[in-house]
Amino acid sequence: MIFLLFWFLILLLIFLAVTGKTLGLRELYVETLIRIFEWGATLSEESDVEEDSVIEEDEFPAQHKKIRRSSSSSDLGIINREKSDIIDAKLHETNVTEKQSTVSVLVDDTLDFITAGMEAVIEDQVTNRFSAAQLPSWNLLSRTKFTFHFLNWQLTALWIAGFMFRYYVLVPCRIALFVIAIVLMIVSTSVIGLVPHAKTRKFLNRRCMLMCMRIYSRAFSSVIRFHDKENRANKGGICVANHTSPIDVMVLSCDNCYAMIGQKQGGFLGFLQTTLSRSEHHIWFERGEAGDRKQVMNRMREHVEDEKKLPIIIFPEGTCINNTSVMMFKKGSFEIGSTIYPIAVKYDTRLTDAFWNSSAQSYGRYLWSMMTSWAIICDVWYLPPMTRGDGEDSISFAKRVKRAIAKKGGLIDLEWDGALKRERVSSKLVTLQQKLYFERLARTTTLNAMLEEKSSDILNIMQGITEEERNELLKQIDEQDDEEEMIRKISSLKPKFKLGEQEADDSQQHIKVD
């Protein structure tokens, strides 16, 4: 009897995954959890009020210190970065009506720099994007900065019951679903790869991948809501999305099939890559090979030009961000010239935080934390397809797509590179910022009258290029390069900046005047 019930549940699961239907059990489960946590939050607030009243009535309040939950100012979001914005505007302003005294400008800027530095120390825009965002309330999980404190017996009993339910009921079922999905994917893709007819093979592969990914999502009790499906990519093209978690691919693949692109792996992951490639075309490459980037770009271009192939899914940030922001998009996928299908992904952190901090957590440990969480709630928005405009470079195109994704997902749009997660700020960037400030002094003060007639060529150029172009320039400039060498390297990136042509034009103008 138990054996027949088991196979009935397996067949029912496969049927629901293939058809994309649901019995509504996960949605009901999530709604029930939210109501329980809301009730628990009221108990926590009542406990805080009662403890406050006891402390006020006590004659020696110092002996009854209340254990409070600590939080940083970055969690509270109380920093208004006014001075940081003012400094950035000052460094790039060009319309100066009248010059001021050097002392007044230095004193004024020094105070702004000090305040901006304090703002960065309290809440910088980079490092807190690579740590889990503080949960709005305790959800009986440990993925929060708050350690467990006894509040009352109801919440303690609720926490014990939740622990038992997650580890002794949910985890075994989820592991079973995870194993079933892996076995089905390996077997079905291997069999589908033997089908000689290409059109039939593509049809079967689509059904197979949707089925397996939907079973994977059930292994995490995922509730995924897809919006604006009319904008979904169907034939070719490149889909770009913000990146929060390794399971982003699973989330997106529950509604559509994508071609994967990534680094070749060994072991079990390498076996899965080989299995997936038997039934559909994917792009795997070795990062360490010289000239491999150009080869990958060519393979991507060939892929997207073939409408019979699946759209490629890419996460241009290059690393996981904590679901509060979108950081700089790498320009590679925007240089191909194909249609871009933007996708905004936003996770609900009330039941669990899906962010993966790869610097502090291994992939296996992360999967275990997701397996033992309550549920994963996610919203996915398909944005209208976007193409590169006339005269628009790949960097500007990437910024426009990133801005649209951030706006749709309710995320903060940041210009910082996600590579700062593992790298220090380049000393060349610091030097260029110092030169920018020196040029500001030359524009606004009487520090050097000669600079009024002829300002530094390199600084004028720095004012005329974007931040992404400055970052690209930094990769080619050496510490020992003088100004002429830097201009020569800039000319190789943007031919319109050529020192020799500027000097020739200036000499011709002087001849005409004479």
# chains A, B, ... in the order shown; residues from 1 in each chain; ligands from 1

call {"tool": "select_by_dssp", "arguments": {"residues": "stretch 297-448 of chain A", "states": "strand (DSSP E or B)", "output": "MDAnalysis selection string"}}
result
chainID A and resid 312:314 325:326 340:348 376:382 386 412:413 445

call {"tool": "atom_distance", "arguments": {"atom1": "atom CA of A:Val345", "atom2": "atom CA of A:Cys378"}}
result
7.1 Å

call {"tool": "atom_distance", "arguments": {"atom1": "atom CA of A:Met260", "atom2": "atom CA of A:Lys202"}}
result
15.1 Å

call {"tool": "residues_around", "arguments": {"residues": "stretch 327-339 of chain A", "least_positions_apart": "2", "cutoff": "8 Å", "atoms": "only C-alpha atoms", "output": "number ranges by chain"}}
result
A: 237-238, 297, 300-301, 304-305, 314, 316-318, 321, 325, 341, 385-388, 394-395, 397-399, 402, 413-418

call {"tool": "residues_around", "arguments": {"residues": "A:Lys235", "least_positions_apart": "2", "cutoff": "12 Å", "atoms": "only C-alpha atoms", "output": "list in words"}}
result
Asn231, Arg232, Ala233, Gly237, Ile238, Cys239, Asn256, Cys257, Tyr258, Ala259, His303, Val304, Glu305, Asp306, Glu307, Lys308, Lys309, Leu310, Pro311, Ile312, Ser338, Thr339, Ile340 and Tyr341 of chain A

call {"tool": "closest_residue", "arguments": {"among": "A:Val240, A:Ile376, A:Leu12, A:Ile343", "to": "A:His227", "atoms": "only C-alpha atoms"}}
result
A:Ile343
